[in-house]
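The next block is data_10.pdb, given as PDB, C-alpha atoms.
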ATOM      1  CA  MET A 257      38.553   4.530 -30.850  1.00  0.00           C
ATOM      2  CA  SER A 258      35.511   6.695 -30.194  1.00  0.00           C
ATOM      3  CA  THR A 259      33.466   3.625 -29.366  1.00  0.00           C
ATOM      4  CA  ASN A 260      35.992   2.632 -26.752  1.00  0.00           C
ATOM      5  CA  SER A 261      35.968   6.099 -25.189  1.00  0.00           C
ATOM      6  CA  SER A 262      32.175   6.090 -25.055  1.00  0.00           C
ATOM      7  CA  TYR A 263      32.316   2.823 -23.102  1.00  0.00           C
ATOM      8  CA  GLN A 264      34.824   4.388 -20.732  1.00  0.00           C
ATOM      9  CA  HIS A 265      32.577   7.427 -20.321  1.00  0.00           C
ATOM     10  CA  ARG A 266      29.577   5.177 -19.651  1.00  0.00           C
ATOM     11  CA  ASP A 267      31.565   3.142 -17.085  1.00  0.00           C
ATOM     12  CA  THR A 268      32.710   6.343 -15.380  1.00  0.00           C
ATOM     13  CA  GLU A 269      29.107   7.587 -15.302  1.00  0.00           C
ATOM     14  CA  THR A 270      27.942   4.279 -13.829  1.00  0.00           C
ATOM     15  CA  GLN A 271      30.623   4.433 -11.149  1.00  0.00           C
ATOM     16  CA  ARG A 272      29.625   8.015 -10.312  1.00  0.00           C
ATOM     17  CA  ILE A 273      25.970   7.015  -9.976  1.00  0.00           C
ATOM     18  CA  LYS A 274      26.912   4.058  -7.770  1.00  0.00           C
ATOM     19  CA  LYS A 275      29.147   6.287  -5.673  1.00  0.00           C
ATOM     20  CA  ASP A 276      26.384   8.910  -5.278  1.00  0.00           C
ATOM     21  CA  SER A 277      23.856   6.298  -4.205  1.00  0.00           C
ATOM     22  CA  ALA A 278      26.268   4.444  -1.910  1.00  0.00           C
ATOM     23  CA  PRO A 279      25.194   6.218   1.312  1.00  0.00           C
ATOM     24  CA  LEU A 280      21.641   4.908   0.794  1.00  0.00           C
ATOM     25  CA  ARG A 281      22.770   1.305   0.278  1.00  0.00           C
ATOM     26  CA  LEU A 282      22.896  -0.823   3.402  1.00  0.00           C
ATOM     27  CA  ARG A 283      25.454  -3.498   2.559  1.00  0.00           C
ATOM     28  CA  ASN A 284      25.589  -4.939   6.061  1.00  0.00           C
ATOM     29  CA  PRO A 285      22.319  -6.162   7.621  1.00  0.00           C
ATOM     30  CA  PHE A 286      23.484  -4.966  11.026  1.00  0.00           C
ATOM     31  CA  LYS A 287      23.495  -1.414   9.718  1.00  0.00           C
ATOM     32  CA  LEU A 288      19.729  -1.548  10.100  1.00  0.00           C
ATOM     33  CA  LEU A 289      20.447  -1.046  13.774  1.00  0.00           C
ATOM     34  CA  TRP A 290      21.979   2.261  12.741  1.00  0.00           C
ATOM     35  CA  LEU A 291      18.580   3.248  11.295  1.00  0.00           C
ATOM     36  CA  MET A 292      16.964   2.465  14.643  1.00  0.00           C
ATOM     37  CA  PHE A 293      19.255   4.720  16.618  1.00  0.00           C
ATOM     38  CA  LYS A 294      19.338   7.462  13.992  1.00  0.00           C
ATOM     39  CA  THR A 295      15.573   7.750  13.669  1.00  0.00           C
ATOM     40  CA  ARG A 296      13.330  10.434  15.101  1.00  0.00           C
ATOM     41  CA  ARG A 297       9.912  10.197  16.702  1.00  0.00           C
ATOM     42  CA  PRO A 298       7.164   9.228  14.227  1.00  0.00           C
ATOM     43  CA  SER A 299       5.523  12.679  14.395  1.00  0.00           C
ATOM     44  CA  ARG A 300       8.752  14.376  13.300  1.00  0.00           C
ATOM     45  CA  ILE A 301       9.032  12.365  10.076  1.00  0.00           C
ATOM     46  CA  SER A 302       7.331  14.133   7.203  1.00  0.00           C
ATOM     47  CA  GLU A 303       8.712  12.165   4.247  1.00  0.00           C
ATOM     48  CA  MET A 304       9.960   8.587   4.254  1.00  0.00           C
ATOM     49  CA  ARG A 305      12.792   7.662   1.904  1.00  0.00           C
ATOM     50  CA  ALA A 306      13.235   4.210   0.398  1.00  0.00           C
ATOM     51  CA  VAL A 307      16.501   2.391   1.093  1.00  0.00           C
ATOM     52  CA  PRO A 308      17.666  -0.730  -0.790  1.00  0.00           C
ATOM     53  CA  GLU A 309      18.287  -3.705   1.499  1.00  0.00           C
ATOM     54  CA  ASN A 310      17.103  -7.151   0.515  1.00  0.00           C
ATOM     55  CA  PHE A 311      18.566  -9.082   3.452  1.00  0.00           C
ATOM     56  CA  TRP A 312      15.659  -8.406   5.835  1.00  0.00           C
ATOM     57  CA  LEU A 313      12.935  -8.178   3.214  1.00  0.00           C
ATOM     58  CA  GLY A 314      11.269 -11.373   2.033  1.00  0.00           C
ATOM     59  CA  ARG A 315      11.016 -11.883  -1.707  1.00  0.00           C
ATOM     60  CA  ASN A 316       7.205 -11.922  -1.582  1.00  0.00           C
ATOM     61  CA  TYR A 317       7.063  -8.405  -0.166  1.00  0.00           C
ATOM     62  CA  ALA A 318       7.544  -5.223  -2.182  1.00  0.00           C
ATOM     63  CA  ALA A 319       8.670  -3.037   0.714  1.00  0.00           C
ATOM     64  CA  MET A 320       8.786  -2.724   4.473  1.00  0.00           C
ATOM     65  CA  MET A 321       8.630   0.252   6.829  1.00  0.00           C
ATOM     66  CA  PHE A 322      11.395   0.171   9.421  1.00  0.00           C
ATOM     67  CA  PHE A 323      11.699   3.034  11.905  1.00  0.00           C
ATOM     68  CA  GLY A 324      10.556   5.654   9.414  1.00  0.00           C
ATOM     69  CA  HIS A 325      12.435   4.295   6.396  1.00  0.00           C
ATOM     70  CA  ILE A 326      11.047   2.245   3.532  1.00  0.00           C
ATOM     71  CA  ILE A 327      13.186  -0.797   2.754  1.00  0.00           C
ATOM     72  CA  ALA A 328      12.973  -2.220  -0.773  1.00  0.00           C
ATOM     73  CA  HIS A 329      14.894  -4.840  -2.764  1.00  0.00           C
ATOM     74  CA  THR A 330      16.773  -2.796  -5.376  1.00  0.00           C
ATOM     75  CA  GLN A 331      17.824   0.771  -6.028  1.00  0.00           C
ATOM     76  CA  GLU A 332      15.439   0.904  -9.019  1.00  0.00           C
ATOM     77  CA  GLU A 333      12.502   0.016  -6.779  1.00  0.00           C
ATOM     78  CA  CYS A 334      13.626   2.643  -4.272  1.00  0.00           C
ATOM     79  CA  ASP A 335      13.842   5.283  -6.993  1.00  0.00           C
ATOM     80  CA  HIS A 336      10.326   4.392  -8.155  1.00  0.00           C
ATOM     81  CA  ILE A 337       8.923   4.500  -4.608  1.00  0.00           C
ATOM     82  CA  ASN A 338      10.648   7.822  -3.885  1.00  0.00           C
ATOM     83  CA  ALA A 339       9.529   9.390  -7.180  1.00  0.00           C
ATOM     84  CA  THR A 340       5.867   8.411  -6.992  1.00  0.00           C
ATOM     85  CA  ASN A 341       3.166   8.448  -4.373  1.00  0.00           C
ATOM     86  CA  GLY A 342       1.919   5.002  -5.339  1.00  0.00           C
ATOM     87  CA  SER A 343       0.149   2.330  -3.372  1.00  0.00           C
ATOM     88  CA  VAL A 344       3.360   0.881  -1.877  1.00  0.00           C
ATOM     89  CA  LYS A 345       4.473   4.227  -0.478  1.00  0.00           C
ATOM     90  CA  ARG A 346       0.939   4.927   0.739  1.00  0.00           C
ATOM     91  CA  HIS A 347       0.815   1.521   2.474  1.00  0.00           C
ATOM     92  CA  GLU A 348       4.081   2.199   4.294  1.00  0.00           C
ATOM     93  CA  THR A 349       3.042   5.762   5.153  1.00  0.00           C
ATOM     94  CA  ILE A 350      -0.109   4.387   6.776  1.00  0.00           C
ATOM     95  CA  HIS A 351       2.224   2.380   9.029  1.00  0.00           C
ATOM     96  CA  LEU A 352       4.017   5.611   9.922  1.00  0.00           C
ATOM     97  CA  ARG A 353       0.685   7.202  10.873  1.00  0.00           C
ATOM     98  CA  GLN A 354      -0.159   4.108  12.923  1.00  0.00           C
ATOM     99  CA  ALA A 355       3.082   4.553  14.850  1.00  0.00           C
ATOM    100  CA  GLN A 356       2.021   8.141  15.539  1.00  0.00           C
ATOM    101  CA  ALA A 357      -1.262   6.830  16.921  1.00  0.00           C
ATOM    102  CA  CYS A 358       0.642   4.426  19.230  1.00  0.00           C
ATOM    103  CA  HIS A 359       1.747   7.137  21.655  1.00  0.00           C
ATOM    104  CA  ASN A 360       4.086   8.549  18.981  1.00  0.00           C
ATOM    105  CA  SER A 361       6.592   5.840  19.885  1.00  0.00           C
ATOM    106  CA  TRP A 362       8.377   3.290  17.715  1.00  0.00           C
ATOM    107  CA  PHE A 363       8.772   1.052  20.742  1.00  0.00           C
ATOM    108  CA  CYS A 364       5.011   0.941  21.419  1.00  0.00           C
ATOM    109  CA  TYR A 365       4.225   0.433  17.736  1.00  0.00           C
ATOM    110  CA  TYR A 366       6.566  -2.525  17.316  1.00  0.00           C
ATOM    111  CA  ILE A 367       5.591  -4.152  20.631  1.00  0.00           C
ATOM    112  CA  ILE A 368       1.901  -3.990  19.662  1.00  0.00           C
ATOM    113  CA  TYR A 369       2.699  -5.165  16.109  1.00  0.00           C
ATOM    114  CA  ILE A 370       4.636  -8.178  17.415  1.00  0.00           C
ATOM    115  CA  TRP A 371       1.871  -8.927  19.946  1.00  0.00           C
ATOM    116  CA  TYR A 372      -0.800  -9.153  17.243  1.00  0.00           C
ATOM    117  CA  TYR A 373       1.561 -11.112  15.005  1.00  0.00           C
ATOM    118  CA  LEU A 374       2.107 -13.713  17.743  1.00  0.00           C
ATOM    119  CA  ARG A 375      -1.612 -13.879  18.565  1.00  0.00           C
ATOM    120  CA  ALA A 376      -2.426 -14.750  14.947  1.00  0.00           C
ATOM    121  CA  LEU A 377       0.448 -17.209  14.544  1.00  0.00           C
ATOM    122  CA  PRO A 378      -1.673 -20.317  15.334  1.00  0.00           C
ATOM    123  CA  MET A 379      -3.934 -19.372  12.392  1.00  0.00           C
ATOM    124  CA  ASN A 380      -1.056 -20.098   9.974  1.00  0.00           C
ATOM    125  CA  ARG A 381      -2.161 -23.733   9.720  1.00  0.00           C
ATOM    126  CA  HIS A 382      -5.554 -22.623   8.383  1.00  0.00           C
ATOM    127  CA  LEU A 383      -4.585 -19.570   6.328  1.00  0.00           C
ATOM    128  CA  HIS A 384      -1.268 -19.035   4.552  1.00  0.00           C
ATOM    129  CA  ASN A 385       0.780 -16.208   6.110  1.00  0.00           C
ATOM    130  CA  ALA A 386      -2.018 -15.496   8.591  1.00  0.00           C
ATOM    131  CA  ALA A 387       0.208 -13.961  11.253  1.00  0.00           C
ATOM    132  CA  TYR A 388       1.060 -11.166   8.814  1.00  0.00           C
ATOM    133  CA  ARG A 389      -2.256 -10.859   6.993  1.00  0.00           C
ATOM    134  CA  LEU A 390      -4.378 -10.854  10.168  1.00  0.00           C
ATOM    135  CA  ASN A 391      -2.299  -8.208  11.904  1.00  0.00           C
ATOM    136  CA  PRO A 392      -4.631  -5.214  12.503  1.00  0.00           C
ATOM    137  CA  PHE A 393      -1.954  -2.783  11.301  1.00  0.00           C
ATOM    138  CA  GLU A 394      -1.622  -4.645   7.997  1.00  0.00           C
ATOM    139  CA  MET A 395      -5.360  -5.023   7.577  1.00  0.00           C
ATOM    140  CA  GLU A 396      -5.871  -1.255   7.764  1.00  0.00           C
ATOM    141  CA  ALA A 397      -2.908  -0.545   5.476  1.00  0.00           C
ATOM    142  CA  TYR A 398      -4.045  -3.044   2.821  1.00  0.00           C
ATOM    143  CA  GLU A 399      -7.626  -1.826   3.002  1.00  0.00           C
ATOM    144  CA  HIS A 400      -6.706   1.815   2.287  1.00  0.00           C
ATOM    145  CA  MET A 401      -3.496   1.652   0.236  1.00  0.00           C
ATOM    146  CA  TYR A 402      -5.360   2.311  -3.035  1.00  0.00           C
ATOM    147  CA  GLU A 403      -7.189   5.390  -1.727  1.00  0.00           C
ATOM    148  CA  PRO A 404      -5.098   8.461  -2.662  1.00  0.00           C
ATOM    149  CA  ASP A 405      -6.869  10.786  -0.226  1.00  0.00           C
ATOM    150  CA  TYR A 406      -6.956   8.441   2.786  1.00  0.00           C
ATOM    151  CA  LEU A 407      -3.851   9.895   4.442  1.00  0.00           C
ATOM    152  CA  GLU A 408      -5.030  13.494   4.091  1.00  0.00           C
ATOM    153  CA  LYS A 409      -8.615  12.891   5.203  1.00  0.00           C
ATOM    154  CA  HIS A 410      -8.290  10.273   7.933  1.00  0.00           C
ATOM    155  CA  CYS A 411      -4.719  10.200   9.243  1.00  0.00           C
ATOM    156  CA  GLN A 412      -3.885  13.705  10.424  1.00  0.00           C
ATOM    157  CA  GLY A 413      -3.445  12.725  14.070  1.00  0.00           C
ATOM    158  CA  GLY A 414      -2.439   9.155  13.279  1.00  0.00           C
ATOM    159  CA  ALA A 415      -4.130   6.180  11.653  1.00  0.00           C
ATOM    160  CA  ASN A 416      -6.574   4.589  14.074  1.00  0.00           C
ATOM    161  CA  GLY A 417      -8.476   2.232  11.759  1.00  0.00           C
ATOM    162  CA  TRP A 418      -6.419  -0.702  13.023  1.00  0.00           C
ATOM    163  CA  ARG A 419      -8.140  -0.434  16.418  1.00  0.00           C
ATOM    164  CA  ARG A 420     -11.392  -1.693  14.885  1.00  0.00           C
ATOM    165  CA  TYR A 421      -9.620  -4.890  13.790  1.00  0.00           C
ATOM    166  CA  ALA A 422      -7.752  -5.152  17.103  1.00  0.00           C
ATOM    167  CA  ARG A 423     -11.057  -5.579  18.960  1.00  0.00           C
ATOM    168  CA  MET A 424     -11.765  -8.732  16.931  1.00  0.00           C
ATOM    169  CA  LYS A 425     -10.476 -12.211  17.646  1.00  0.00           C
ATOM    170  CA  PRO A 426      -8.001 -13.581  15.073  1.00  0.00           C
ATOM    171  CA  SER A 427     -10.647 -16.037  13.860  1.00  0.00           C
ATOM    172  CA  GLU A 428     -13.099 -13.158  13.267  1.00  0.00           C
ATOM    173  CA  ARG A 429     -10.427 -11.234  11.358  1.00  0.00           C
ATOM    174  CA  ALA A 430      -9.771 -14.362   9.254  1.00  0.00           C
ATOM    175  CA  GLU A 431     -13.485 -14.661   8.395  1.00  0.00           C
ATOM    176  CA  LEU A 432     -13.583 -10.973   7.443  1.00  0.00           C
ATOM    177  CA  LEU A 433     -10.469 -11.317   5.284  1.00  0.00           C
ATOM    178  CA  LEU A 434     -11.854 -14.395   3.496  1.00  0.00           C
ATOM    179  CA  LYS A 435     -15.189 -12.652   2.851  1.00  0.00           C
ATOM    180  CA  LYS A 436     -13.386  -9.659   1.320  1.00  0.00           C
ATOM    181  CA  HIS A 437     -11.330 -11.890  -0.943  1.00  0.00           C
ATOM    182  CA  GLN A 438     -14.367 -13.902  -2.036  1.00  0.00           C
ATOM    183  CA  SER A 439     -16.338 -10.764  -2.873  1.00  0.00           C
ATOM    184  CA  GLN A 440     -13.457  -9.457  -5.022  1.00  0.00           C
ATOM    185  CA  ARG A 441     -13.142 -12.609  -7.146  1.00  0.00           C
ATOM    186  CA  LEU A 442     -14.596 -12.602 -10.647  1.00  0.00           C
ATOM    187  CA  ASP A 443     -17.272 -15.077 -11.599  1.00  0.00           C
ATOM    188  CA  CYS A 444     -15.422 -16.954 -14.357  1.00  0.00           C
ATOM    189  CA  SER A 445     -18.544 -18.862 -15.475  1.00  0.00           C
ATOM    190  CA  LYS A 446     -19.710 -15.721 -17.323  1.00  0.00           C
ATOM    191  CA  PHE A 447     -16.681 -15.794 -19.623  1.00  0.00           C
ATOM    192  CA  PRO A 448     -16.320 -18.204 -22.575  1.00  0.00           C
TER     193      PRO A 448
END
Encoded form using structure tokens:
Amino acid sequence: MSTNSSYQHRDTETQRIKKDSAPLRLRNPFKLLWLMFKTRRPSRISEMRAVPENFWLGRNYAAMMFFGHIIAHTQEECDHINATNGSVKRHETIHLRQAQACHNSWFCYYIIYIWYYLRALPMNRHLHNAAYRLNPFEMEAYEHMYEPDYLEKHCQGGANGWRRYARMKPSERAELLLKKHQSQRLDCSKFP
């Protein structure tokens, strides 16, 4: 009898938790449009919250910044991102600072992002996922996502490191990316 009541209590607790977290859950992919119209200018966002929505997010990506919100796959991932200031949250916050540097406008940020994505699209036949990986915004975010003090020291008025990559041709960015990856590989011949 007591075992049965404990299961009922646990089920009630689970329902309460689901009910409390329901406003964060985006069950309909078109509700992402609601985030677009609800958002504020990039400079007015001080803290980004993670929201679970796996419809728009590819399975190979941990998270995505969308108009000042971090989109992740599950509620557990969102709770982890919101509770810590880890590399994923830092990566997405760098994108927020980049939007601040793009005339403090989401429209300008996404137009420029899409422009560089389309410019690098022909490189996809030479390098897997090149349109994403060669995007100057992503190159800056990946380069500095493991530096805990990068946002405080270099991004007060907006992150401008992407402009250095933007001056390069996509082929030059690809060479730079390949050199970085080759220098980070371990020499396996030294191990038995």
**Request:** Rounded to one decimal place, report the CA of Tyr406 in chain A-CA of Thr349 in chain A distance in Å.
**Result:**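 Interatomic distance here is 10.6 Å.
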Expanded to explicit residues, what is the PyMOL selection byres ((chain A and resi 422-424) around 10) for this file, as a PDB file with C-alpha atoms, keeping the file's coordinate frame?
ATOM      1  CA  TYR A 372      -0.800  -9.153  17.243  1.00  0.00           C
ATOM      2  CA  LEU A 390      -4.378 -10.854  10.168  1.00  0.00           C
ATOM      3  CA  ASN A 391      -2.299  -8.208  11.904  1.00  0.00           C
ATOM      4  CA  PRO A 392      -4.631  -5.214  12.503  1.00  0.00           C
ATOM      5  CA  PHE A 393      -1.954  -2.783  11.301  1.00  0.00           C
ATOM      6  CA  MET A 395      -5.360  -5.023   7.577  1.00  0.00           C
ATOM      7  CA  GLY A 417      -8.476   2.232  11.759  1.00  0.00           C
ATOM      8  CA  TRP A 418      -6.419  -0.702  13.023  1.00  0.00           C
ATOM      9  CA  ARG A 419      -8.140  -0.434  16.418  1.00  0.00           C
ATOM     10  CA  ARG A 420     -11.392  -1.693  14.885  1.00  0.00           C
ATOM     11  CA  TYR A 421      -9.620  -4.890  13.790  1.00  0.00           C
ATOM     12  CA  LYS A 425     -10.476 -12.211  17.646  1.00  0.00           C
ATOM     13  CA  PRO A 426      -8.001 -13.581  15.073  1.00  0.00           C
ATOM     14  CA  SER A 427     -10.647 -16.037  13.860  1.00  0.00           C
ATOM     15  CA  GLU A 428     -13.099 -13.158  13.267  1.00  0.00           C
ATOM     16  CA  ARG A 429     -10.427 -11.234  11.358  1.00  0.00           C
ATOM     17  CA  ALA A 430      -9.771 -14.362   9.254  1.00  0.00           C
ATOM     18  CA  LEU A 432     -13.583 -10.973   7.443  1.00  0.00           C
TER      19      LEU A 432
END
I want to know what sits within 7 Å of range 352-362 of chain A, based on only C-alpha atoms, with residues of the same chain fewer than 6 positions away left out; could you give that as a PDB file with C-alpha atoms, in the coordinates of the input?
ATOM      1  CA  ARG A 297       9.912  10.197  16.702  1.00  0.00           C
ATOM      2  CA  PRO A 298       7.164   9.228  14.227  1.00  0.00           C
ATOM      3  CA  SER A 299       5.523  12.679  14.395  1.00  0.00           C
ATOM      4  CA  PHE A 323      11.699   3.034  11.905  1.00  0.00           C
ATOM      5  CA  GLY A 324      10.556   5.654   9.414  1.00  0.00           C
ATOM      6  CA  CYS A 411      -4.719  10.200   9.243  1.00  0.00           C
ATOM      7  CA  GLY A 413      -3.445  12.725  14.070  1.00  0.00           C
ATOM      8  CA  GLY A 414      -2.439   9.155  13.279  1.00  0.00           C
ATOM      9  CA  ALA A 415      -4.130   6.180  11.653  1.00  0.00           C
ATOM     10  CA  ASN A 416      -6.574   4.589  14.074  1.00  0.00           C
TER      11      ASN A 416
END
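The space separating CA of Asn385 in chain A from CA of Asn316 in chain A comes to 10.9 Å.
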**Message:** I'd like to know which of A:His400, A:Arg296, A:Arg346, A:His437 is closest to Met321 in chain A, using all atoms listed in the file.
**Reply:** A:Arg346
**Prompt:** CA of Leu313 in chain A and CA of Ile337 in chain A, how far apart in Å?
**Reply:**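 Going from CA of Ile337 in chain A over to CA of Leu313 in chain A covers 15.4 Å.
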**Asked** Which one is closest to Tyr369 in chain A: A:Glu431, A:Thr340, A:His384, A:Glu394? Count only C-alpha atoms.
**Response**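 Using only C-alpha atoms, the shortest distance to Tyr369 in chain A belongs to A:Glu394.
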**Message:** For this structure, which residues satisfy the selection - the PyMOL selection byres ((chain A and resi 308) around 7) - when it is evaluated on the file as given? I want them as a PyMOL selection string.
**Reply:** chain A and resi 281-282+306-307+309-310+327-331+334
**Asked** Once the PyMOL selection byres ((chain A and resi 304) around 6) has been applied to the shown file, what residues remain in the selection, as a PyMOL selection string?
**Response** chain A and resi 303+305+324-325
